[in-house]
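So the structure is just underneath, and the comments pick up after that.
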Amino acid sequence: MDEFEVEYPELALFIDGAWTQGAGGRGEPVTEPATGRVLGRVPVAEAEDLDRALAAAERGFAVWRDTPIEQRSAILRKAAALIRSRAQEIGRVMTAEEGKPLAESVGEAGRAAALLEYNVEEARRAHGRIIPSAVGETLSVHRVPVGPVAAFVPWNFPAGGPMRKIAAALSAGCSIIIKPSEETPGTSVLMARCFEEAGLPPGVLNLVFGVPAEVSEHLIPSPTVKFVAFTGSIPVGKHLARMAAGVMKPTGMELGGHAPVIVCADSDPVAAAKACARGKYANAGQVCTSPSRFYVHEAIYERFVEAFVAASEAVKVGNGLASGVTMGPMANERRREGVHELVLDAQKRGARVLTGGQVPEGEGLFYPPTVLVDVPEDSRILHEEPFGPVAPILEFSDLDEVMERANALPFGLAAYGFTERAATADRLVRGFEAGILSINHTGGSVPQAPSGGFKESGHGREGGAEGLDGYLVTKRVSHKLA
Ligand code: NAD
C-alpha cells in the first residue's frame, strides 16, 4: 500500500444493531482536507431513521440497564481491545478525513480505547450508600443510569470526541444515539464495528449522521431521550441547551475556549516556548483547550518570542499520512478562512506577523504556523476562539494585572502557567477561571481526571470519577420496615 492510500470504510448509519443507508437515499461527500479528494459518501438520516433509532435506544436501554456489570464490562473491554488492535487502521482513516498527522491519530485511537477501559472501571464504583436514619426505616441512595442519551460531537477528535460520550453512557448502563460530525464519519464507523463485534446488544449504541439541526431538533425534544451531551461551539451549545431547557432535560456541554498562557519571569523562556509551540500546533490548533493567548513577562519576552518563532518554523506542514509531517491541514475550509480572517484583522489593527500568515497556493487546506506580536487589545483574535495554528504573543509586567486580562473573556475552559516557583504556581491555580489547568506543560487530557469548563465554556465533566455523573440519576429510597 502506498503512503497515501487509505482503506476508507463504507459509511452507513448503525441503528438497532444493523448497518443501513438513510431511508430517503440522501447523502453527502466526505473529502480529504489534505488533497480535496472524495473519500466516501455519508448517509443522511431522515425523521423515519431517527424514530427507529429512538425506539431502538429505548429497547436497548431496557436490556443494557439490567445486564450485570460483569457482563457489560466484558463486552466493553472487548470493544476497547478491538479498537486498540486496530489503532493503525483507524488512525489512517482519521488522518485522511480530519488531516492530523498519523502519529496523532494512532495515539488518539489508543487513548479512545483507554478512555473506554477507564470508564468501565469507574462504573464498578458508581455505587450508592446507606444513611443512618430514624427508627424503623432503611434510608439508601441509589445511582442508576439516567436513560437513553442523545450526543453530538464535532470533527476535531474523530475518535476521542465520540468515545468520551459513548464510554460514559455505556459504562453507566445507558444507551446512546450519537451523531458524530458528517465531516469525519469513518472513524466512528470503524469504532462502532468494534462494539458490534464485541457483542453489544442491538440498540445500545446507535450511530447516525444527517443535517445537524434536523437531528438535534428531532432527538432532543423526544421523551425517550433523558440526557443531552454536546461538544462543539458555544453558539450551537447555547442553542441546544435552550432546546433541552424547553423540555427540562439535563445537558452536558463541552464548548469552546480561548486558553491564556502566563509565562512568568522565573521560567526558562526557551523550554516554555518549545512546550507552548508543541501545544499550539497539535491538531493544527483545532483543539478546544489549545493554548491561544500567550502572555509573557517582559524580562524574558524577546527570548521567548525568538524561540517560539524558531519552533514554529521547524514544524513540518503537509499531508498527515506522509512520514515526518508534524502538522496537517486545517480540517475544513471554514476553519482556514476563519483563522486567516483573524490574522488579517489583527494585521489591519497594527499587529506584526513574524512568521506564517499567508494562505499557501496549491491543493489542500494548509495554513502555516503563524506568530503575531504587537497585537492591539481590540483585535478579534484576542476575543474570539482562533481554533487554528496562530499564536498571539503579548507582554506583561504585573501578575495581578495579567490574571485580570487572562480571566476577562467569557471563556473558562483551559489555562496554562509557566513558573519555577511553587508560590506563583499556587497563585495561578487559584486565580485562573478555568476548569483545566496545566503548570509547566501543555499536554492533553487523561482518562482518570475530569475535563470541562467554567463560564460560557460549558458545564459537566468528562473523564475521572465525575465523568459518569451526567449519565447517572440519584434515587433516594426510604424503606419502612413492616
Ligand atoms: P459549528 O458551530 O458549525 O459546529 C460545531 C459542531 O456542532 C459540529 O460538529 C456541527 O455538526 C454541530 N452542530 C452545528 N449545528 C448543530 C445543531 N443545530 N444541532 C446539532 N449539532 C450541531 O462550528 P464548526 O465550524 O464545526 O467549528 C467552528 C467552531 O466550533 C470552532 O471555532 C470552535 O469554537 C468550535 N468547536 C469546538 C470544539 C470543541 O472541542 N469544544 C470542537 C469543534 C469546534
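Residue numbers start at 1 in each chain; chains themselves are named A, B, ... in the order of the C-alpha cells; ligands are numbered from 1 in the order shown.
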All strand (DSSP E or B) positions in range 55-241 of chain A, as a PyMOL selection string: chain A and resi 129-131+137-145+149-152+176-179+205-207+227-231
Can you list, as JSON, numbers by chain, every protein, DNA or RNA residue that comes within 7 Å of range 145-161 of chain A when you count only C-alpha atoms, leaving out same-chain residues fewer than 6 positions away? {"A": [57, 58, 61, 65, 94, 98, 108, 109, 112, 172, 173, 174, 175, 176, 177, 178, 179, 180, 181, 183, 184, 187, 188, 219, 220, 224, 225, 226, 227, 228, 229, 230, 231, 232, 286, 287, 471, 472, 473]}
Neighbour list for Ile234 in chain A as an NGL selection string, cut-off 12 Å, only C-alpha atoms, skip fewer than 4 positions in-chain: :A and (230 or 238-241 or 253-258 or 288 or 384-385 or 410-413 or 453 or 455-459)
Keeping C-alpha atoms, export the residues of the selection given above as a PDB file, in the first residue's frame.
ATOM      1  CA  PHE A 230     -22.767  18.090  23.265  1.00  0.00           C
ATOM      2  CA  LYS A 238     -26.451  27.538  23.785  1.00  0.00           C
ATOM      3  CA  HIS A 239     -28.986  26.712  21.084  1.00  0.00           C
ATOM      4  CA  LEU A 240     -29.139  23.037  22.106  1.00  0.00           C
ATOM      5  CA  ALA A 241     -29.226  23.883  25.827  1.00  0.00           C
ATOM      6  CA  MET A 253     -21.880  20.971  27.473  1.00  0.00           C
ATOM      7  CA  GLU A 254     -18.222  20.812  26.453  1.00  0.00           C
ATOM      8  CA  LEU A 255     -17.813  24.061  24.496  1.00  0.00           C
ATOM      9  CA  GLY A 256     -15.084  26.292  23.173  1.00  0.00           C
ATOM     10  CA  GLY A 257     -12.275  28.082  24.962  1.00  0.00           C
ATOM     11  CA  HIS A 258      -9.568  30.681  24.430  1.00  0.00           C
ATOM     12  CA  CYS A 288     -10.845  23.415  22.483  1.00  0.00           C
ATOM     13  CA  GLU A 384     -12.686  35.021  19.525  1.00  0.00           C
ATOM     14  CA  GLU A 385     -11.528  31.420  19.744  1.00  0.00           C
ATOM     15  CA  PRO A 410     -16.411  34.785  28.830  1.00  0.00           C
ATOM     16  CA  PHE A 411     -14.493  31.505  28.256  1.00  0.00           C
ATOM     17  CA  GLY A 412     -13.256  29.315  31.101  1.00  0.00           C
ATOM     18  CA  LEU A 413     -12.025  26.036  29.680  1.00  0.00           C
ATOM     19  CA  GLY A 453     -15.325  24.315  31.626  1.00  0.00           C
ATOM     20  CA  LYS A 455     -18.427  30.252  32.416  1.00  0.00           C
ATOM     21  CA  GLU A 456     -19.550  30.022  28.771  1.00  0.00           C
ATOM     22  CA  SER A 457     -17.220  27.087  28.103  1.00  0.00           C
ATOM     23  CA  GLY A 458     -19.934  24.815  29.422  1.00  0.00           C
ATOM     24  CA  HIS A 459     -20.840  22.586  32.307  1.00  0.00           C
TER      25      HIS A 459
END
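Considering the residues A:His441, A:Lys165, A:His479, A:Arg334 and counting only C-alpha atoms and all ligand atoms, ligand 1 has its shortest atom-to-atom contact with A:Arg334.
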Which residue of A:Ser290, A:Gln358, A:Ser478, A:Asn206 approaches Phe14 in chain A most closely, using only C-alpha atoms: A:Asn206
So which residues touch Glu5 in chain A within 10 Å, counting only C-alpha atoms, skipping near sequence neighbours fewer than 5 positions away, as an NGL selection string? :A and (92-93 or 96 or 321)
Deliver the residues from the most recent selection as a file, using N, CA and C atoms, as a compact mmCIF listing (two decimals), in the first residue's frame.
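Written out: out-v9.txt:
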# COMPACT_ATOMS: atom_id res chain seq x y z
N ARG A 92 -5.32 5.77 10.21
CA ARG A 92 -5.17 6.18 8.80
C ARG A 92 -6.46 6.85 8.29
N VAL A 93 -7.58 6.24 8.67
CA VAL A 93 -8.87 6.80 8.24
C VAL A 93 -9.07 8.18 8.88
N ALA A 96 -6.92 10.73 7.14
CA ALA A 96 -7.46 11.07 5.81
C ALA A 96 -8.63 12.03 5.94
N LEU A 321 -0.47 11.89 6.32
CA LEU A 321 -0.09 10.49 6.06
C LEU A 321 1.37 10.37 5.68
Interatomic distance, CA of Leu437 in chain A to CA of Tyr295 in chain A (Å, one decimal):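 CA of Tyr295 in chain A lies 15.5 Å from CA of Leu437 in chain A.
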Those in range 273-462 of chain A with helix (DSSP H, G or I) from DSSP, as an NGL selection string: :A and (273-285 or 301-313 or 333-348 or 380-382 or 399-406 or 422-431 or 455-457)
Top pick for closest residue to Ala307 in chain A, considering A:Leu394, A:Leu207, A:Cys194, A:Ala272 and counting only C-alpha atoms: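 Ranked by minimum distance to Ala307 in chain A, first place goes to A:Ala272.
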Between A:Gly463, A:Gly36, A:Gly107, A:Gly417, which one has atoms that come closest to Ser451 in chain A, using only C-alpha atoms?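 Of the candidates, the smallest distance to Ser451 in chain A is held by A:Gly463.
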Minimum-distance residue to Ala81 in chain A, chosen among A:Glu337, A:Glu313, A:Glu117, A:Asp51 (using only C-alpha atoms):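 For Ala81 in chain A, the nearest of the given residues is A:Glu117.
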Could you jot down the CA of Arg352 in chain A to CA of Val315 in chain A separation for me, Å, one decimal place?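 These two atoms are separated by 20.2 Å.
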